[in-house]
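Report on one structure; see the data block that follows.
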Amino acid sequence: MTVRVGVIGAGMIGQDHIRRLTDVVTGAEVVAVTDLDAARAAEVAGPVGARVATSGADLIGQSDVDAVLVTSWGPTHAEHVLAAIAAGKPVFCEKPLATEADDCLRIVEAEMAYGRRLVQVGFMRRYDTGYRELKKVIDAGEIGTPLMVHCAHRNASVPESYHSAMAAQDTAVHEIDVLRWLLDDEIVSVQVLSPRRTGKRFEHLQDPQIMLFETAGGVRIDLEVFVNCQYGYDIQCETVGEDGLVRLPEPARALVRAGGATRSAVPQDWRERFVSAFDVEFQEWVDAIAVGEPTGPSAWDGYAATVICDVTVEALNSGRIIPVAMKDRPAFYAGGAR
Ligand code: NAD
Ligand code: ISE
């Protein structure tokens, strides 16, 4: 069966996912595209033989759209995801599930009322080979009980529109999701330290930031978010346990020895670093919904991430340690798959 996908939002990542669904993933076809910018939608839809829909609601209502991909701006996600659930269609939503925790809860409630999973959130790191290896090692007990995790999330630079809260909401959100998954544990408190700011930033931005998370199981996580590091896109994660440690491998790049030095290239952005993870993420999504429910990050994971991001912003602004107040996880979302 070919899954016929409608795409809402034909911007940077929407275009990348349309290319992926068309050229890389098997068993899927993009049949409709919509964007607030109709000319952009037409430009993107044409080459893949898709038609242009006039709005998200129009696209979701079309009978040959089997599944929906939401790649519009964050504040518009909830509206489209809720409409897809109301239509009973599987929906893949790029992060964040919604920018407001209350909207995430509305989605959770709508999905539970529908009675089976329809929603998957675009936390692609769970599909990265390195992170999957880390999880395997931790789950097998090879390093013993995890005690500490040291992480870094560095971007070469960010535009002027990027503000201090985005360090959590746009950037650290990936660690927040992947660490909950990796440790199978919940984040219960957050503190943010503000080091000396780099001179290579826009004036309004606190960059870097050091985020300190504590889990229910007592694991301590430190995460450096540095989004103007200049040299490239660099993701680090090391988990230290009672019997050993496991570290995310560097992306495979040739090692060059020349001119009296050894060097290897650093990826320049997230698209390059996580290209394979995105490919696997979409193949697994298509394969899962072709026969049943999505198995990736759930609406509950989307809710948890948004709540923890909000707490992280509060911790940044207040300088205090802030406890995370989350609803109890419903039985519907119990277990790894949900
Ligand atoms: P973008 O601005 O390049 O593209 C968004 C597009 O959505 C624009 O073309 C805009 O006109 C359109 N749009 C906005 N609201 C709409 C609506 N209601 N209906 C139809 N079209 C609408 O943004 P982007 O960088 O592609 O980011 C899109 C989403 O993807 C964001 O939520 C972002 O956080 C997420 N994202 C995820 C990752 C990742 O690593 N997983 C990376 C980048 C972006
Ligand atoms: C961007 O939106 C992403 O999601 C990237 O994965 C992240 O590294 C970057 O900091 C964000 O701005």
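Chain labels run A, B, ... following the order of the structure tokens; each chain numbers its residues from 1, and ligands are numbered from 1 in the order shown.
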
Non-local contacts of Arg117 in chain A (10 Å; only C-alpha atoms; under 2 positions in same chain excluded) as a PyMOL selection string: chain A and resi 85+88-91+108+111-112+114-115+119-120+289+292-295+298-299+332-333+338

Quick one: write out the picked residues with N, CA and C atoms as a PDB file, in the first residue's frame?
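Okay, part_37.pdb is ready:
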```pdb
ATOM      1  N   ILE A  85      -6.748  14.690  13.687  1.00  0.00           N
ATOM      2  CA  ILE A  85      -7.341  13.693  14.599  1.00  0.00           C
ATOM      3  C   ILE A  85      -8.850  13.641  14.370  1.00  0.00           C
ATOM      4  N   GLY A  88      -9.610  11.546  11.688  1.00  0.00           N
ATOM      5  CA  GLY A  88      -9.161  10.152  11.849  1.00  0.00           C
ATOM      6  C   GLY A  88      -7.946   9.823  10.995  1.00  0.00           C
ATOM      7  N   LYS A  89      -7.097  10.833  10.714  1.00  0.00           N
ATOM      8  CA  LYS A  89      -5.928  10.592   9.851  1.00  0.00           C
ATOM      9  C   LYS A  89      -4.623  10.654  10.649  1.00  0.00           C
ATOM     10  N   PRO A  90      -3.685   9.723  10.405  1.00  0.00           N
ATOM     11  CA  PRO A  90      -2.379   9.791  11.062  1.00  0.00           C
ATOM     12  C   PRO A  90      -1.707  11.116  10.735  1.00  0.00           C
ATOM     13  N   VAL A  91      -1.037  11.691  11.735  1.00  0.00           N
ATOM     14  CA  VAL A  91      -0.411  12.994  11.519  1.00  0.00           C
ATOM     15  C   VAL A  91       0.985  13.006  12.126  1.00  0.00           C
ATOM     16  N   VAL A 108      -3.632  15.424  23.274  1.00  0.00           N
ATOM     17  CA  VAL A 108      -3.597  14.144  24.007  1.00  0.00           C
ATOM     18  C   VAL A 108      -5.034  13.660  24.264  1.00  0.00           C
ATOM     19  N   GLU A 111      -6.782  12.561  21.034  1.00  0.00           N
ATOM     20  CA  GLU A 111      -6.289  11.267  20.547  1.00  0.00           C
ATOM     21  C   GLU A 111      -6.832  10.127  21.407  1.00  0.00           C
ATOM     22  N   MET A 112      -6.870  10.336  22.719  1.00  0.00           N
ATOM     23  CA  MET A 112      -7.401   9.274  23.603  1.00  0.00           C
ATOM     24  C   MET A 112      -8.888   9.058  23.300  1.00  0.00           C
ATOM     25  N   TYR A 114     -10.294   9.473  20.494  1.00  0.00           N
ATOM     26  CA  TYR A 114     -10.376   8.754  19.213  1.00  0.00           C
ATOM     27  C   TYR A 114     -10.163   7.250  19.446  1.00  0.00           C
ATOM     28  N   GLY A 115      -9.302   6.924  20.405  1.00  0.00           N
ATOM     29  CA  GLY A 115      -9.180   5.522  20.816  1.00  0.00           C
ATOM     30  C   GLY A 115      -7.957   4.788  20.333  1.00  0.00           C
ATOM     31  N   VAL A 119      -0.918  10.290  16.293  1.00  0.00           N
ATOM     32  CA  VAL A 119       0.067  11.382  16.290  1.00  0.00           C
ATOM     33  C   VAL A 119       1.493  10.873  16.499  1.00  0.00           C
ATOM     34  N   GLN A 120       2.411  11.401  15.708  1.00  0.00           N
ATOM     35  CA  GLN A 120       3.839  11.197  15.972  1.00  0.00           C
ATOM     36  C   GLN A 120       4.522  12.567  15.902  1.00  0.00           C
ATOM     37  N   ILE A 289       2.362   3.310   9.834  1.00  0.00           N
ATOM     38  CA  ILE A 289       0.965   3.728   9.595  1.00  0.00           C
ATOM     39  C   ILE A 289       0.343   2.971   8.425  1.00  0.00           C
ATOM     40  N   GLY A 292      -0.876   0.070  10.631  1.00  0.00           N
ATOM     41  CA  GLY A 292      -1.488   0.279  11.951  1.00  0.00           C
ATOM     42  C   GLY A 292      -1.165   1.650  12.507  1.00  0.00           C
ATOM     43  N   GLU A 293      -0.676   1.666  13.760  1.00  0.00           N
ATOM     44  CA  GLU A 293      -0.457   2.933  14.456  1.00  0.00           C
ATOM     45  C   GLU A 293       1.014   3.367  14.367  1.00  0.00           C
ATOM     46  N   PRO A 294       1.259   4.682  14.507  1.00  0.00           N
ATOM     47  CA  PRO A 294       2.661   5.118  14.589  1.00  0.00           C
ATOM     48  C   PRO A 294       3.311   4.599  15.867  1.00  0.00           C
ATOM     49  N   THR A 295       4.614   4.388  15.824  1.00  0.00           N
ATOM     50  CA  THR A 295       5.313   3.827  16.980  1.00  0.00           C
ATOM     51  C   THR A 295       6.342   4.797  17.555  1.00  0.00           C
ATOM     52  N   SER A 298       5.350  10.110  20.914  1.00  0.00           N
ATOM     53  CA  SER A 298       3.889  10.252  20.949  1.00  0.00           C
ATOM     54  C   SER A 298       3.453  11.668  21.311  1.00  0.00           C
ATOM     55  N   ALA A 299       2.147  11.882  21.263  1.00  0.00           N
ATOM     56  CA  ALA A 299       1.593  13.163  21.700  1.00  0.00           C
ATOM     57  C   ALA A 299       1.972  13.418  23.154  1.00  0.00           C
ATOM     58  N   PHE A 332      -3.086   5.078  28.505  1.00  0.00           N
ATOM     59  CA  PHE A 332      -3.080   5.032  27.033  1.00  0.00           C
ATOM     60  C   PHE A 332      -1.663   5.185  26.472  1.00  0.00           C
ATOM     61  N   TYR A 333      -0.838   5.973  27.188  1.00  0.00           N
ATOM     62  CA  TYR A 333       0.521   6.243  26.709  1.00  0.00           C
ATOM     63  C   TYR A 333       1.578   5.453  27.485  1.00  0.00           C
ATOM     64  N   ARG A 338       4.256   3.941  23.348  1.00  0.00           N
ATOM     65  CA  ARG A 338       3.344   5.078  23.432  1.00  0.00           C
ATOM     66  C   ARG A 338       4.000   6.244  24.123  1.00  0.00           C
TER      67      ARG A 338
END
```

Once you count only C-alpha atoms and all ligand atoms, what closest atom pair and distance in Å to one decimal does each residue of chain A within 10 Å of ligand 2 have, with rows by chain and rising residue number, as a Markdown table?
```
| residue | atom | partner | partner_atom_place_in_ligand_line | distance |
| --- | --- | --- | --- | --- |
| A:Ile13 | CA | ligand 2 | 2 (O) | 9.3 |
| A:Glu94 | CA | ligand 2 | 4 (O) | 8.9 |
| A:Lys95 | CA | ligand 2 | 4 (O) | 7.4 |
| A:Pro96 | CA | ligand 2 | 4 (O) | 9.1 |
| A:Gly122 | CA | ligand 2 | 4 (O) | 9.3 |
| A:Phe123 | CA | ligand 2 | 4 (O) | 8.7 |
| A:Met124 | CA | ligand 2 | 6 (O) | 8.6 |
| A:Arg125 | CA | ligand 2 | 6 (O) | 8.9 |
| A:His153 | CA | ligand 2 | 8 (O) | 6.9 |
| A:Arg154 | CA | ligand 2 | 8 (O) | 7.2 |
| A:Asn155 | CA | ligand 2 | 10 (O) | 6.0 |
| A:Ala156 | CA | ligand 2 | 10 (O) | 9.3 |
| A:Ser157 | CA | ligand 2 | 10 (O) | 9.0 |
| A:Val158 | CA | ligand 2 | 12 (O) | 7.4 |
| A:Pro159 | CA | ligand 2 | 12 (O) | 9.4 |
| A:Tyr162 | CA | ligand 2 | 12 (O) | 8.0 |
| A:Met166 | CA | ligand 2 | 12 (O) | 7.6 |
| A:Ala167 | CA | ligand 2 | 10 (O) | 7.2 |
| A:Ala168 | CA | ligand 2 | 10 (O) | 9.0 |
| A:Gln169 | CA | ligand 2 | 11 (C) | 8.7 |
| A:Asp170 | CA | ligand 2 | 11 (C) | 5.0 |
| A:Thr171 | CA | ligand 2 | 10 (O) | 3.9 |
| A:Ala172 | CA | ligand 2 | 10 (O) | 7.3 |
| A:Val173 | CA | ligand 2 | 4 (O) | 8.0 |
| A:His174 | CA | ligand 2 | 6 (O) | 6.9 |
| A:Glu175 | CA | ligand 2 | 8 (O) | 9.7 |
| A:Val225 | CA | ligand 2 | 10 (O) | 8.5 |
| A:Phe226 | CA | ligand 2 | 10 (O) | 8.9 |
| A:Val227 | CA | ligand 2 | 10 (O) | 6.7 |
| A:Asn228 | CA | ligand 2 | 10 (O) | 10.0 |
| A:Tyr233 | CA | ligand 2 | 8 (O) | 7.5 |
| A:Asp234 | CA | ligand 2 | 8 (O) | 8.8 |
| A:Ile235 | CA | ligand 2 | 8 (O) | 8.4 |
| A:Asp269 | CA | ligand 2 | 8 (O) | 7.3 |
| A:Trp270 | CA | ligand 2 | 6 (O) | 5.1 |
| A:Arg271 | CA | ligand 2 | 6 (O) | 7.7 |
| A:Arg273 | CA | ligand 2 | 6 (O) | 9.1 |
| A:Phe274 | CA | ligand 2 | 6 (O) | 8.2 |
```

Surrounding residues of Ile221 in chain A excluding itself and chain neighbours under 2 positions, 12 Å, only C-alpha atoms, as a ChimeraX atom specification: /A:146-152,175-176,179-180,183,185-192,210-219,223-224,237-240

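Checking A:Ala98, A:Val246, A:Val266, A:Val48 one by one against ligand 1, counting only C-alpha atoms and all ligand atoms, you find the shortest gap at A:Ala98.
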
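Closest to ligand 1 among A:Arg220, A:His80, A:His204, A:Arg126 is A:His80, based on only C-alpha atoms and all ligand atoms.
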